[in-house]
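Engineer: If you scroll down you'll find the structure; I have some questions about it.
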Amino acid sequence: MPRSALLMLTAMMLLIPVHAGGQLEDLVLVYFESDPESAQLLVNGRLLCDGMEGGCTRLLPFGRHQVRMELNGYVAREEMLDLRDGQEIRWTLTPNFGWLTVETKPPGFPVTLDGEELGLSPVIERRVEAGARRIEVKAPCFRPAVKNVQIRRGKRVTRRLGLKRLKRVLKIRVLDENGRSVKARILVDGEPVGRAPGRLAVDGCASHLDVRDPRGVNWLGPLSLEAEGVTTLDVTILGGRKPGEMAFVPAGEFMMGCNEAVDDGCDEDEKPYHRVWLDSYYMDVSEVTVDKYRACVDAGACAQPEPGENCNWEVKGHDDHPANCTDCSRPRHTAPGRASSSPQRPSGRRRLGAWTGGSGPGVTSPRPARSA
């Protein structure tokens, strides 16, 4: 096919107007290519190629034209060019973004950029629009970490943020059984933090307190710190002999109820299976005898058991046997000689560990068990 016919056919296919008096020989075949290759090509404001995968060849009138390549996320490039036959135009577009890497020590914390979540650290080479940006890392038990960063076009940048544990102030005083202040070592979550009385800097998420005085008497229990300001605590610990034949039981956790995961015979009143924290306390080494329980009944502090089969109450020769067949649903059922009352809480302070049933090495607390 003659070249003039080929040009005419190409012009018709591409809808290129041939002006009156114009010659087909005035048309030129031009090759365009972009990096990235998905850019759009516009000539004189008209879209000629919507993406240039594999390049884009177009027949255009000879002469000067406005050529533009654009792609979302990249800086558009535009120039006035004199086009000629067989010309090849290859442009690389400059990205309007950079790549950001954020690392934290320790890792695994949520990272935000200008208030938008990027995910957990480390964030690796995340594409970010160029400009001034603000990185922020917030996590429980740590101070917020903030860093400003300038993202430059086509550049990679790494920022490292070190997170510091949040600290709270614990103002603590240790009292003996007479209400006098005594010196004691203080441990929080098993780590020594100082001595009482005093103001101590402790971990903001600490959960366990250990008080040890020079007499070898300890207080163990949960620690709850105020979200703001100073947490003030008074801890009363008791020294001396044990109240009768009693054993000291340290504070701790246990699982209460029936575990349906391993036991298919759980009754409704045995559920749910859950964790319970008990403060330290004293427990009788042996059960209360009938003789001792009778003294409690005579004093009007305990309810009298009902006689019955296998019951020791009013059975001759059973005064040193356990006092069984008592009714715990009746209003008076406090063990004889072991009555305790809740501690008074001075204004602005929390008082822990008071026990009013006697004196002994360690501490008991009348507070009820707490379920976790």
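Within each chain, counting starts at residue 1; across the structure tokens, chains are named A, B, ... in the order shown, with ligands numbered 1 upward in that order.
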Tell me, as an MDAnalysis selection string, which residues lie within 12 Å of A:Arg156, counting only C-alpha atoms; anything in the same chain fewer than 4 positions away does not count.
Structural biologist: chainID A and resid 95 97:102 124:130 149:152
Engineer: Please return, as an MDAnalysis selection string, all residues of stretch 177-337 of chain A that DSSP assigns to strand (DSSP E) on the basis of the backbone.
Structural biologist: chainID A and resid 181:182 184:188 191:196 198:203 208:212 218:222 230:236 246:249 252:256 274:278 281:284
Engineer: Would you mind reading off the distance between atom CA of A:Glu79 and atom CA of A:Gln66, one decimal, in Å?
Structural biologist: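 Rounded to one decimal, the two atoms are 5.9 Å apart.
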Engineer: Smallest atom-to-atom distance to A:Val193: which of A:Asp82, A:Asp35, A:Asp264, A:Asp210, using only C-alpha atoms?
Structural biologist: A:Asp210
Engineer: With only C-alpha atoms as the basis for distance, which of A:Val262, A:Val174, A:Val123, A:Ala39 is at the shortest distance from A:Thr92?
Structural biologist: A:Ala39
Engineer: By how many Å are atom CA of A:Thr232 and atom CA of A:Glu177 apart?
Structural biologist: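 According to the coordinates, atom CA of A:Thr232 and atom CA of A:Glu177 are separated by 19.3 Å.
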Engineer: Could you give me, as a PyMOL selection string, the residues within 8 Å of A:Glu37, counting only C-alpha atoms and dropping anything in the same chain fewer than 5 positions from it?
Structural biologist: chain A and resi 51-55
Engineer: Hey, which of A:Arg180, A:Lys167, A:His274, A:Arg199 ends up closest to A:Glu228? Count only C-alpha atoms.
Structural biologist: A:Lys167
Engineer: Between atom CA of A:Val146 and atom CA of A:Gly204, what is the distance, to one decimal in Å?
Structural biologist: 19.4 Å
Engineer: Restricting the calculation to only C-alpha atoms, which member of A:Pro322, A:Pro272, A:Gly162, A:Gly108 is positioned closest to A:Glu260?
Structural biologist: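 Result for the nearest residue to A:Glu260: A:Pro272.
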Engineer: Give the answer as one residue: which of A:Ala323, A:Val188, A:Val75, A:Val230 has the shortest atom-to-atom distance to A:Gly154, using only C-alpha atoms?
Structural biologist: A:Val75
Engineer: Skip A:Leu42 itself and residues of its chain fewer than 4 positions away, then list as a list in words all residues within 10 Å of it, counting only C-alpha atoms.
Structural biologist: Arg46, Leu47, Leu48, Cys49, Asp50, Gln66, Val67, Arg68, Met69, Glu70 and Glu78 of chain A
Engineer: With C-alpha atoms retained, export the selected residues as a short mmCIF file (atom, residue, chain, number, x, y, z; two decimals), in the first residue's frame.
Structural biologist:
data_model
loop_
_atom_site.label_atom_id
_atom_site.label_comp_id
_atom_site.auth_asym_id
_atom_site.auth_seq_id
_atom_site.Cartn_x
_atom_site.Cartn_y
_atom_site.Cartn_z
CA ARG A 46 -7.00 15.38 24.29
CA LEU A 47 -6.63 11.89 25.85
CA LEU A 48 -4.84 9.67 23.35
CA CYS A 49 -3.70 6.76 25.56
CA ASP A 50 -5.35 5.66 28.80
CA GLN A 66 1.44 20.27 24.08
CA VAL A 67 2.29 16.79 25.46
CA ARG A 68 1.25 15.74 28.97
CA MET A 69 1.62 12.49 30.95
CA GLU A 70 -0.17 12.04 34.26
CA GLU A 78 3.91 18.59 30.55
#
Engineer: Measuring atom to atom with only C-alpha atoms, identify which of A:Leu93, A:Leu83, A:Leu41, A:Leu59 is nearest to A:Leu29.
Structural biologist: A:Leu59
Engineer: Pick out the residues sitting within 10 Å of A:Leu187, and hand them over as a list in words; count only C-alpha atoms, and ignore anything fewer than 6 positions along from it in its own chain.
Structural biologist: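 Neighbouring residues, sequence-local ones excluded: Val193, Gly194, Arg195, Val202, His208, Leu209, Asp210, Val211, Arg212 and Leu220 of chain A.
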